[in-house]
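What follows is run35.tsv (TSV, C-alpha atoms).
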```tsv
chain	number	residue	atom	x	y	z
Z	5	MET	CA	74.75	89.33	143.45
Z	6	ILE	CA	77.61	91.47	142.23
Z	7	ASN	CA	79.41	88.33	141.09
Z	8	SER	CA	76.44	87.15	139.10
Z	9	PHE	CA	76.18	90.61	137.57
Z	10	LEU	CA	79.82	90.53	136.50
Z	11	LEU	CA	79.46	87.00	135.20
Z	12	LEU	CA	76.48	88.11	133.15
Z	13	ALA	CA	78.42	91.04	131.74
Z	14	VAL	CA	81.33	88.79	130.76
Z	15	ALA	CA	79.06	86.13	129.30
Z	16	GLN	CA	77.27	88.67	127.13
Z	17	ASN	CA	80.52	89.25	125.30
Z	18	THR	CA	78.88	90.91	122.34
Z	19	THR	CA	77.91	93.72	124.72
Z	20	TRP	CA	81.53	94.83	124.77
Z	21	TYR	CA	81.39	95.52	121.06
Z	22	VAL	CA	79.39	98.61	121.88
Z	23	LEU	CA	82.38	100.36	123.49
Z	24	PRO	CA	84.55	100.95	120.41
Z	25	LEU	CA	81.41	101.71	118.43
Z	26	ALA	CA	80.31	104.31	120.98
Z	27	GLY	CA	83.85	105.74	120.99
Z	28	ALA	CA	83.91	106.08	117.21
Z	29	ILE	CA	80.42	107.59	117.07
Z	30	SER	CA	81.29	110.09	119.82
Z	31	LEU	CA	84.46	111.21	118.10
Z	32	VAL	CA	82.97	111.51	114.64
Z	33	TYR	CA	79.84	113.26	115.85
Z	34	SER	CA	81.78	115.74	117.95
Z	35	ALA	CA	84.27	116.36	115.16
Z	36	SER	CA	81.40	117.26	112.87
Z	37	ARG	CA	80.12	119.83	115.41
Z	38	TYR	CA	83.31	121.77	116.24
Z	39	GLU	CA	86.70	122.59	114.82
Z	40	LEU	CA	88.80	123.08	117.92
Z	41	THR	CA	90.69	119.93	118.90
Z	42	GLU	CA	90.26	120.37	122.62
Z	43	ARG	CA	86.53	121.02	122.32
Z	44	ILE	CA	86.08	117.99	120.07
Z	45	LEU	CA	87.85	115.70	122.50
Z	46	LYS	CA	86.01	117.02	125.57
Z	47	ARG	CA	82.64	116.76	123.93
Z	48	ALA	CA	83.45	113.30	122.57
Z	49	ALA	CA	84.39	112.14	126.06
Z	50	ARG	CA	81.13	113.52	127.46
Z	51	LEU	CA	79.09	111.89	124.71
Z	52	PHE	CA	80.87	108.58	125.20
Z	53	VAL	CA	80.10	108.63	128.92
Z	54	THR	CA	76.48	109.56	128.19
Z	55	ILE	CA	76.02	106.73	125.69
Z	56	THR	CA	77.68	104.06	127.82
Z	57	GLY	CA	75.97	105.35	130.97
Z	58	PHE	CA	72.59	105.17	129.31
Z	59	MET	CA	73.24	101.67	128.03
Z	60	LEU	CA	74.53	100.54	131.39
Z	61	THR	CA	71.42	101.89	133.05
Z	62	VAL	CA	69.19	100.02	130.62
Z	63	PHE	CA	71.31	96.90	131.14
Z	64	VAL	CA	70.94	97.09	134.92
Z	65	ILE	CA	67.19	97.72	134.71
Z	66	LEU	CA	66.68	94.75	132.42
Z	67	TRP	CA	68.93	92.62	134.58
Z	68	LEU	CA	66.95	93.52	137.71
Z	69	LEU	CA	63.64	92.91	136.01
Z	70	SER	CA	64.76	89.48	134.86
Z	71	ALA	CA	66.44	88.52	138.14
Z	72	ASN	CA	63.80	86.04	139.24
Z	73	LEU	CA	62.87	84.67	135.86
A	3	MET	CA	77.61	130.50	108.21
A	4	THR	CA	81.03	128.89	108.26
A	5	ASP	CA	83.64	130.43	110.53
A	6	SER	CA	86.05	132.60	108.53
A	7	ARG	CA	89.01	130.90	110.21
A	8	ILE	CA	88.18	127.64	108.45
A	9	ASP	CA	89.39	127.44	104.88
A	10	LEU	CA	87.08	124.98	103.12
A	11	ARG	CA	88.94	125.50	99.79
A	12	ASN	CA	86.62	123.93	97.20
A	13	PRO	CA	83.81	122.57	99.42
A	14	LEU	CA	82.20	120.45	96.72
A	15	LEU	CA	85.46	118.76	95.81
A	16	ALA	CA	86.19	118.24	99.51
A	17	ALA	CA	82.78	116.63	100.03
A	18	VAL	CA	83.31	114.30	97.07
A	19	LEU	CA	86.76	113.37	98.37
A	20	ALA	CA	85.30	112.80	101.84
A	21	PHE	CA	82.71	110.48	100.32
A	22	LEU	CA	85.21	108.53	98.28
A	23	PHE	CA	87.67	108.07	101.14
A	24	PRO	CA	86.75	109.07	104.71
A	25	GLY	CA	89.12	111.81	105.84
A	26	ALA	CA	90.41	112.64	102.36
A	27	GLY	CA	88.21	115.73	102.04
A	28	HIS	CA	89.52	117.14	105.32
A	29	ALA	CA	93.09	116.32	104.42
A	30	TYR	CA	92.53	118.29	101.21
A	31	GLN	CA	91.28	121.19	103.34
A	32	ARG	CA	94.35	120.81	105.56
A	33	ARG	CA	92.19	119.94	108.59
A	34	TYR	CA	94.45	117.04	109.45
A	35	PHE	CA	93.21	116.29	112.96
A	36	LYS	CA	89.67	115.84	111.71
A	37	ALA	CA	90.92	113.88	108.73
A	38	ALA	CA	92.62	111.48	111.14
A	39	ILE	CA	89.51	111.13	113.31
A	40	TYR	CA	87.25	110.42	110.34
A	41	CYS	CA	89.67	108.09	108.64
A	42	VAL	CA	90.53	106.02	111.71
A	43	CYS	CA	87.06	105.88	113.25
A	44	ILE	CA	84.98	105.35	110.12
A	45	LEU	CA	87.32	102.99	108.32
A	46	GLY	CA	88.17	101.29	111.61
A	47	ILE	CA	84.60	100.28	112.35
A	48	TYR	CA	83.90	99.56	108.68
A	49	PHE	CA	86.78	97.11	108.36
A	50	TRP	CA	86.08	95.64	111.77
A	51	GLY	CA	82.52	95.03	110.61
A	52	CYS	CA	83.82	93.45	107.40
A	53	SER	CA	86.08	91.23	109.45
A	54	LEU	CA	83.24	90.16	111.76
A	55	GLY	CA	81.17	89.23	108.71
A	56	GLU	CA	84.09	87.43	107.05
A	57	ALA	CA	84.08	90.03	104.28
A	58	LYS	CA	80.52	89.07	103.27
A	59	ALA	CA	78.56	91.74	105.11
A	60	VAL	CA	78.76	94.30	102.30
A	61	TYR	CA	77.15	93.51	98.98
A	62	PHE	CA	74.49	94.97	96.78
A	63	ARG	CA	71.53	93.16	95.37
A	64	TRP	CA	68.47	94.87	93.99
A	65	GLU	CA	66.09	92.59	92.21
A	66	GLY	CA	62.61	93.36	90.93
A	67	SER	CA	60.64	91.26	93.35
A	68	MET	CA	60.05	92.80	96.76
A	69	THR	CA	58.68	89.54	98.06
A	70	GLY	CA	61.83	87.60	97.35
A	71	GLU	CA	60.06	85.20	95.00
A	72	GLN	CA	63.03	85.00	92.69
A	73	THR	CA	65.56	83.75	95.15
A	74	GLY	CA	63.45	83.03	98.18
A	75	GLY	CA	65.52	85.35	100.33
A	76	ARG	CA	66.64	88.92	100.81
A	77	THR	CA	66.67	90.31	97.31
A	78	ARG	CA	66.98	94.00	98.15
A	79	THR	CA	69.85	94.99	100.36
A	80	PHE	CA	68.51	98.20	101.85
A	81	GLY	CA	71.40	98.18	104.31
A	82	TYR	CA	73.76	98.81	101.43
A	83	ILE	CA	72.31	102.30	101.09
A	84	ALA	CA	73.95	103.03	104.45
A	85	GLN	CA	77.11	101.02	103.74
A	86	VAL	CA	77.83	102.83	100.50
A	87	GLY	CA	78.44	105.96	102.58
A	88	VAL	CA	82.02	104.81	103.09
A	89	GLY	CA	82.56	105.38	99.38
A	90	MET	CA	85.29	103.68	97.44
A	91	MET	CA	85.46	100.68	99.75
A	92	ALA	CA	81.80	99.77	99.17
A	93	LEU	CA	81.17	101.11	95.65
A	94	PRO	CA	82.52	98.06	93.77
A	95	ALA	CA	79.51	96.14	95.09
A	96	ILE	CA	77.32	97.90	92.52
A	97	ALA	CA	79.55	96.81	89.67
A	98	GLN	CA	79.63	93.30	91.11
A	99	ASP	CA	75.84	93.18	91.13
A	100	PHE	CA	75.79	94.10	87.43
A	101	ARG	CA	78.37	91.44	86.66
A	102	HIS	CA	76.42	88.88	88.68
A	103	ALA	CA	73.16	89.70	86.90
A	104	GLU	CA	74.88	89.58	83.52
A	105	GLN	CA	76.25	86.16	84.31
A	106	LEU	CA	72.80	84.84	85.22
A	107	GLU	CA	71.41	86.20	81.97
A	108	ASP	CA	74.20	84.45	80.03
A	109	GLN	CA	73.45	81.17	81.74
A	110	ASP	CA	69.75	81.42	80.96
A	111	SER	CA	70.07	82.55	77.38
A	112	ASP	CA	70.08	80.30	74.33
A	113	ARG	CA	73.54	80.74	73.00
A	114	ARG	CA	74.55	80.69	69.39
A	115	PRO	CA	76.90	77.93	68.13
A	116	GLY	CA	80.52	78.88	68.58
A	117	GLU	CA	79.78	81.61	71.09
A	118	ILE	CA	82.19	81.30	73.97
A	119	LEU	CA	80.56	81.55	77.37
A	120	GLU	CA	83.60	80.79	79.43
A	121	GLU	CA	86.98	79.12	79.16
A	122	ILE	CA	88.76	77.74	82.16
A	123	ASP	CA	92.46	77.13	82.61
A	124	ALA	CA	93.04	76.73	86.32
A	125	GLU	CA	94.60	74.77	89.12
A	126	PHE	CA	92.29	72.03	90.39
A	127	THR	CA	92.13	70.22	93.69
A	128	GLY	CA	89.61	67.54	94.50
A	129	ARG	CA	88.79	63.87	94.01
A	130	LEU	CA	88.88	61.48	91.11
A	131	ASN	CA	86.98	58.33	90.33
A	132	HIS	CA	88.43	56.88	87.17
A	133	VAL	CA	87.75	53.47	85.68
A	134	GLU	CA	89.65	52.54	82.55
A	135	LEU	CA	89.17	49.21	80.83
A	136	GLY	CA	92.01	46.85	81.63
A	137	HIS	CA	93.39	49.10	84.37
A	138	PRO	CA	92.75	49.26	88.10
A	139	GLU	CA	90.31	51.87	89.30
A	140	ILE	CA	91.92	55.09	90.49
A	141	THR	CA	90.07	56.75	93.32
A	142	GLY	CA	91.20	59.44	95.67
A	143	ARG	CA	92.52	62.93	95.93
A	144	ILE	CA	94.15	64.58	92.96
A	145	VAL	CA	95.70	67.93	92.17
A	146	GLY	CA	96.56	69.34	88.78
A	147	ALA	CA	95.47	71.69	86.07
A	148	VAL	CA	92.20	71.66	84.17
A	149	ARG	CA	91.56	73.23	80.84
A	150	VAL	CA	88.01	73.42	79.64
A	151	GLY	CA	86.64	75.34	76.71
A	152	ASP	CA	83.60	75.50	74.49
A	153	TYR	CA	82.89	72.50	72.33
A	154	GLY	CA	81.29	74.80	69.86
A	155	PHE	CA	77.58	74.23	70.30
A	156	GLY	CA	75.18	75.18	73.00
A	157	THR	CA	76.34	74.45	76.48
A	158	GLU	CA	78.84	71.68	75.77
A	159	PHE	CA	82.42	71.81	76.97
A	160	GLU	CA	85.50	69.72	76.43
A	161	GLY	CA	88.91	69.82	78.00
A	162	THR	CA	91.83	68.03	79.60
A	163	PHE	CA	93.19	67.35	83.03
A	164	ASN	CA	96.89	67.01	83.84
A	165	GLY	CA	97.93	66.27	87.37
A	166	GLN	CA	98.85	63.68	89.93
A	167	THR	CA	97.29	61.54	92.59
A	168	SER	CA	98.07	61.99	96.27
A	169	ASP	CA	100.78	59.31	96.06
A	170	GLY	CA	102.49	61.10	93.20
A	171	ASN	CA	101.34	59.06	90.19
A	172	PRO	CA	100.76	61.26	87.15
A	173	VAL	CA	97.32	61.17	85.58
A	174	GLN	CA	96.06	62.68	82.39
A	175	PHE	CA	92.69	62.40	80.70
A	176	ASP	CA	90.07	64.11	78.61
A	177	LEU	CA	87.00	65.82	79.95
A	178	LEU	CA	83.61	66.26	78.35
A	179	GLY	CA	80.42	67.70	79.70
A	180	SER	CA	77.34	69.71	79.15
A	181	ARG	CA	75.81	72.17	81.54
A	182	ASN	CA	72.33	71.01	80.59
A	183	SER	CA	72.90	67.33	81.32
A	184	GLY	CA	74.63	67.95	84.63
A	185	SER	CA	77.83	66.25	83.48
A	186	LEU	CA	79.58	69.59	83.89
A	187	GLN	CA	78.80	71.54	87.03
A	188	LEU	CA	80.48	74.85	87.61
A	189	GLY	CA	79.96	77.25	90.47
A	190	ASP	CA	78.99	80.79	89.57
A	191	ARG	CA	81.78	82.83	88.05
A	192	VAL	CA	80.85	85.96	90.02
A	193	THR	CA	79.46	85.41	93.49
A	194	GLY	CA	80.37	86.25	97.05
A	195	LEU	CA	79.92	82.76	98.42
A	196	ASP	CA	79.00	79.49	96.84
A	197	ASP	CA	78.37	75.86	97.74
A	198	VAL	CA	81.48	73.74	97.08
A	199	THR	CA	80.38	70.60	98.90
A	200	MET	CA	81.64	67.42	97.26
A	201	SER	CA	78.44	65.48	96.78
A	202	GLU	CA	79.07	63.15	93.85
A	203	LEU	CA	82.28	61.43	94.88
A	204	VAL	CA	82.03	61.49	98.64
A	205	LEU	CA	79.36	59.02	99.51
A	206	GLU	CA	79.18	59.59	103.24
A	207	THR	CA	77.13	62.50	104.45
A	208	GLN	CA	79.24	65.60	104.28
A	209	GLU	CA	78.78	68.91	105.97
A	210	LEU	CA	77.93	71.73	103.62
A	211	GLN	CA	80.95	73.75	102.57
A	212	PHE	CA	80.79	77.23	101.13
A	213	SER	CA	83.61	79.27	99.70
A	214	GLY	CA	84.12	82.61	98.05
A	215	SER	CA	87.67	82.09	96.88
A	216	ARG	CA	87.09	78.57	95.51
A	217	ARG	CA	84.60	77.51	92.88
A	218	ARG	CA	82.88	74.15	92.48
A	219	PHE	CA	84.03	72.11	89.50
A	220	PHE	CA	82.60	68.75	88.51
A	221	VAL	CA	83.01	67.06	85.15
A	222	ARG	CA	82.93	63.67	83.47
A	223	VAL	CA	86.19	61.97	82.52
A	224	VAL	CA	86.00	60.38	79.06
A	225	ASP	CA	87.97	58.44	76.53
A	226	LYS	CA	86.76	60.03	73.32
A	227	THR	CA	83.09	59.63	74.10
A	228	THR	CA	83.18	56.67	76.51
A	229	ASP	CA	82.37	57.64	80.06
A	230	LEU	CA	85.19	56.59	82.40
A	231	GLY	CA	84.47	58.42	85.62
A	232	MET	CA	84.43	61.87	87.07
A	233	ILE	CA	86.42	64.49	88.90
A	234	GLU	CA	84.97	66.74	91.54
A	235	GLY	CA	86.56	69.52	93.51
A	236	THR	CA	87.32	73.20	93.29
A	237	ILE	CA	89.17	75.68	91.13
A	238	PRO	CA	90.16	79.18	92.27
A	239	ARG	CA	87.75	82.06	91.97
A	240	PRO	CA	89.77	85.24	91.43
A	241	PHE	CA	89.49	87.99	94.05
A	242	TYR	CA	87.72	90.35	91.65
A	243	ASN	CA	85.00	87.74	91.14
A	244	HIS	CA	84.07	87.31	94.80
A	245	TYR	CA	85.00	90.60	96.49
A	246	LEU	CA	81.75	92.42	97.41
A	247	ALA	CA	79.83	90.17	95.04
A	248	PRO	CA	76.17	89.36	95.81
A	249	LEU	CA	75.19	86.36	97.90
A	250	ASP	CA	72.27	84.11	97.13
A	251	SER	CA	69.77	83.16	99.82
A	252	GLU	CA	71.38	79.76	100.42
A	253	SER	CA	74.78	81.32	101.09
A	254	LEU	CA	73.24	83.95	103.31
A	255	GLN	CA	71.47	81.28	105.31
A	256	TYR	CA	74.74	79.38	105.71
A	257	LEU	CA	76.54	82.54	106.81
A	258	ASN	CA	73.86	83.39	109.37
A	259	GLY	CA	73.98	79.86	110.71
A	260	LYS	CA	77.75	79.90	110.95
A	261	LEU	CA	78.29	83.38	112.38
A	262	GLY	CA	75.00	83.98	114.18
A	263	LYS	CA	74.94	87.28	116.06
A	264	GLN	CA	78.39	88.11	114.75
A	265	TYR	CA	76.97	88.57	111.25
A	266	GLU	CA	74.30	90.94	112.57
A	267	LEU	CA	77.01	92.91	114.36
A	268	ALA	CA	78.98	93.05	111.14
A	269	LEU	CA	75.98	94.56	109.36
A	270	VAL	CA	75.42	97.12	112.11
A	271	TYR	CA	79.09	98.15	112.15
A	272	THR	CA	79.21	98.64	108.40
A	273	TRP	CA	75.88	100.51	108.34
A	274	ILE	CA	77.02	102.88	111.06
A	275	ALA	CA	80.37	103.46	109.36
A	276	GLY	CA	78.58	104.54	106.20
A	277	LEU	CA	76.16	106.77	108.05
A	278	LEU	CA	78.93	108.45	110.04
A	279	ASN	CA	80.68	109.37	106.83
A	280	ILE	CA	77.63	111.45	105.88
A	281	LEU	CA	78.46	113.68	108.86
A	282	ALA	CA	82.05	113.88	107.67
A	283	MET	CA	80.96	114.79	104.14
A	284	TRP	CA	78.70	117.52	105.44
A	285	ASP	CA	81.51	118.85	107.62
A	286	ALA	CA	83.79	118.99	104.59
A	287	PHE	CA	81.14	120.80	102.56
A	288	GLN	CA	79.71	123.19	105.11
A	289	GLY	CA	82.13	123.29	108.02
A	290	PRO	CA	81.38	122.31	111.62
A	291	ALA	CA	77.72	122.47	112.53
A	292	TYR	CA	77.97	124.40	115.82
A	293	GLY	CA	80.93	126.64	115.13
A	294	TYR	CA	84.67	126.81	115.64
A	295	GLY	CA	84.55	125.67	119.24
A	296	ASP	CA	86.03	128.62	121.12
A	297	GLU	CA	82.66	130.28	121.60
A	298	GLU	CA	80.96	130.32	124.98
A	299	PRO	CA	80.07	126.70	125.75
A	300	GLU	CA	76.43	125.82	125.55
A	301	SER	CA	74.60	125.92	128.84
A	302	ASP	CA	74.43	122.13	128.98
A	303	GLU	CA	78.19	121.92	128.59
A	304	LYS	CA	79.08	124.19	131.49
A	305	SER	CA	80.80	122.32	134.21
A	306	SER	CA	78.31	123.53	136.75
A	307	ASP	CA	75.44	122.12	134.71
A	308	GLU	CA	73.11	124.14	136.88
A	309	SER	CA	71.33	125.91	134.06
A	310	THR	CA	67.76	124.80	134.03
A	311	ASN	CA	66.60	127.79	132.04
A	312	GLU	CA	68.88	127.44	129.05
A	313	ASP	CA	66.12	128.46	126.66
A	314	ALA	CA	65.87	131.71	128.53
A	315	ASP	CA	69.63	132.25	128.28
A	316	THR	CA	69.82	132.12	124.52
A	317	PRO	CA	67.62	135.04	123.48
A	318	GLU	CA	69.32	137.50	125.82
A	319	PRO	CA	72.06	138.63	123.42
A	320	ALA	CA	69.52	139.09	120.64
A	321	THR	CA	67.31	141.16	122.91
A	322	ALA	CA	70.28	143.20	124.05
A	323	ALA	CA	71.37	143.72	120.45
A	324	ALA	CA	67.86	144.77	119.49
A	325	GLY	CA	67.80	147.17	122.39
A	326	ALA	CA	71.15	148.62	121.42
A	327	SER	CA	70.14	149.16	117.81
A	328	SER	CA	66.97	150.92	118.79
```

Could you spell out this file's structure in structure tokens?
Amino acid sequence: MINSFLLLAVAQNTTWYVLPLAGAISLVYSASRYELTERILKRAARLFVTITGFMLTVFVILWLLSANL
Amino acid sequence: MTDSRIDLRNPLLAAVLAFLFPGAGHAYQRRYFKAAIYCVCILGIYFWGCSLGEAKAVYFRWEGSMTGEQTGGRTRTFGYIAQVGVGMMALPAIAQDFRHAEQLEDQDSDRRPGEILEEIDAEFTGRLNHVELGHPEITGRIVGAVRVGDYGFGTEFEGTFNGQTSDGNPVQFDLLGSRNSGSLQLGDRVTGLDDVTMSELVLETQELQFSGSRRRFFVRVVDKTTDLGMIEGTIPRPFYNHYLAPLDSESLQYLNGKLGKQYELALVYTWIAGLLNILAMWDAFQGPAYGYGDEEPESDEKSSDESTNEDADTPEPATAAAGASS
């Protein structure tokens, strides 16, 4: 099951395009909120994890729902 | 209100600079770390998007018909409204749309005798089919230089070709054609992508070919006025005539077929890049939205993350201040 999950993730190669996009959005958004470098980077890291975590959750839910299709 | 520690210098100028070139406004304000973030992130995803879309994801087209009756395709590029946020990199698309529209008007208009629509003096590569009385037929690939100019009336052109066949034999002949009769076919002068498929001289079925940097060129080869054959191929289209220039529906269809999801990704990347720069512009104009960053972290940012009553936390200082003043 884990193998098929990983295979699916690799096969959906366009999914990986979201990572740099999420990174850029996190950095720019956080930079527009604060001035302090450390605060920007911390908040950007948190936002990046939130975005990718949310998308991963949705991915897993959809994958589970379509498991027997 | 902006934190007094942040020197925004001239905020309006900074915002304009930030629009024109992501990061430039912050560099002007000497906020170099932010300038680097905006420049690298925004331009990075913008150019990555351009690369995914083979430099055809950004163009502007805004025609009267909402239904697409004129071209049968997407005639209003709403996505460009987001893309133009990256400023200087996307702005030439507006000028290209004007040039494209002007060219179409020229082609449709009844021209006066002697009025020059276009003169061509360019390197040519393509195929030749030439039959001259008393000489063997010459067929095959040729390269050389074409010169074509106005004949003087209407849509007629005349010119010369000087070049050589693929086995090195020099060839030279006159050209004559008219746009109206189809004996001279030229790709659009200003366009992002255009069909350059050789259809007249290659008899077997050929896959459609589109190019932005090359332009279709087909013309009759003549001896004075006697028709002796034809040449078909491409001439260069200068960079300034295809960079960010509009695409027609046929080219867009070809691009979608060729790139598939990748083209959609290219659009999304370039849209997001433009939209992100709006945040950067606002930051240059007004300063950071939440403050300098050394204030007490918001309740949701505390490492404990235990605060469930964050709304209740916020008014406390105000209440305390009110109490103190009374």

Requested in this report: Write down, as a PyMOL selection string, each residue of chain Z that has any atom within 12 Å of an atom of chain A, counting all atoms listed in the file.
Outcome: chain Z and resi 16-51

Report task. Please identify all polymer residues within 12 Å of segment 248-259 of chain A, counting only C-alpha atoms, omitting same-chain residues fewer than 6 positions from it, and present them as a count of residues only. Result -> 55

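Nearest to Gly25 of chain A of all the residues A:Leu261, A:Leu45, A:Val204, A:Ala124 is A:Leu45, counting all atoms listed in the file.
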
Query raised in the report: Between atom CA of Gln174 of chain A and atom CA of Gly146 of chain A, what is the spacing in Å?
Result: 9.2 Å

Please, what is the axis-aligned box for every listed atom of segment 165-182 of chain A with 8 Å on each side, as centre and edge lengths in Å to one decimal, as JSON?
```
{"center_x": 87.4, "center_y": 65.6, "center_z": 87.3, "size_x": 46.2, "size_y": 29.1, "size_z": 33.9}
```

Report task. Calculate how many Å separate atom CA of Gln31 of chain A from atom CA of Phe287 of chain A, rounding to one decimal. Result ->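 Atom CA of Phe287 of chain A lies 10.2 Å from atom CA of Gln31 of chain A.
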
Query raised in the report: segment 170-172 of chain A: which residues within 12 Å, counting all atoms listed in the file, same-chain residues fewer than 6 positions away excluded, as a list in words?
Result: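 Here the answer would be Ile140, Thr141, Gly142, Arg143, Ile144, Val145, Gly146, Ala147, Phe163 and Asn164 of chain A.
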
Deliver the residues from the most recent selection as a file, using C-alpha atoms, as a short mmCIF file (atom, residue, chain, number, x, y, z; two decimals), in the frame of the given file.
```
data_model
loop_
_atom_site.label_atom_id
_atom_site.label_comp_id
_atom_site.auth_asym_id
_atom_site.auth_seq_id
_atom_site.Cartn_x
_atom_site.Cartn_y
_atom_site.Cartn_z
CA ILE A 140 91.92 55.09 90.49
CA THR A 141 90.07 56.75 93.32
CA GLY A 142 91.20 59.44 95.67
CA ARG A 143 92.52 62.93 95.93
CA ILE A 144 94.15 64.58 92.96
CA VAL A 145 95.70 67.93 92.17
CA GLY A 146 96.56 69.34 88.78
CA ALA A 147 95.47 71.69 86.07
CA PHE A 163 93.19 67.35 83.03
CA ASN A 164 96.89 67.01 83.84
#
```

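Using all atoms listed in the file, every residue with an atom at most 7 Å from the point (85.4, 61.1, 90.3) is listed here: A:Arg129, A:Leu130, A:Asn131, A:His132, A:Leu203, A:Gly231, A:Met232, A:Ile233, A:Glu234.
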
Write the residues you've just listed into a file as a PDB file, in the coordinates of the input, and include C-alpha atoms for each of them.
```
ATOM      1  CA  ARG A 129      88.790  63.870  94.010  1.00  0.00           C
ATOM      2  CA  LEU A 130      88.880  61.480  91.110  1.00  0.00           C
ATOM      3  CA  ASN A 131      86.980  58.330  90.330  1.00  0.00           C
ATOM      4  CA  HIS A 132      88.430  56.880  87.170  1.00  0.00           C
ATOM      5  CA  LEU A 203      82.280  61.430  94.880  1.00  0.00           C
ATOM      6  CA  GLY A 231      84.470  58.420  85.620  1.00  0.00           C
ATOM      7  CA  MET A 232      84.430  61.870  87.070  1.00  0.00           C
ATOM      8  CA  ILE A 233      86.420  64.490  88.900  1.00  0.00           C
ATOM      9  CA  GLU A 234      84.970  66.740  91.540  1.00  0.00           C
TER      10      GLU A 234
END
```
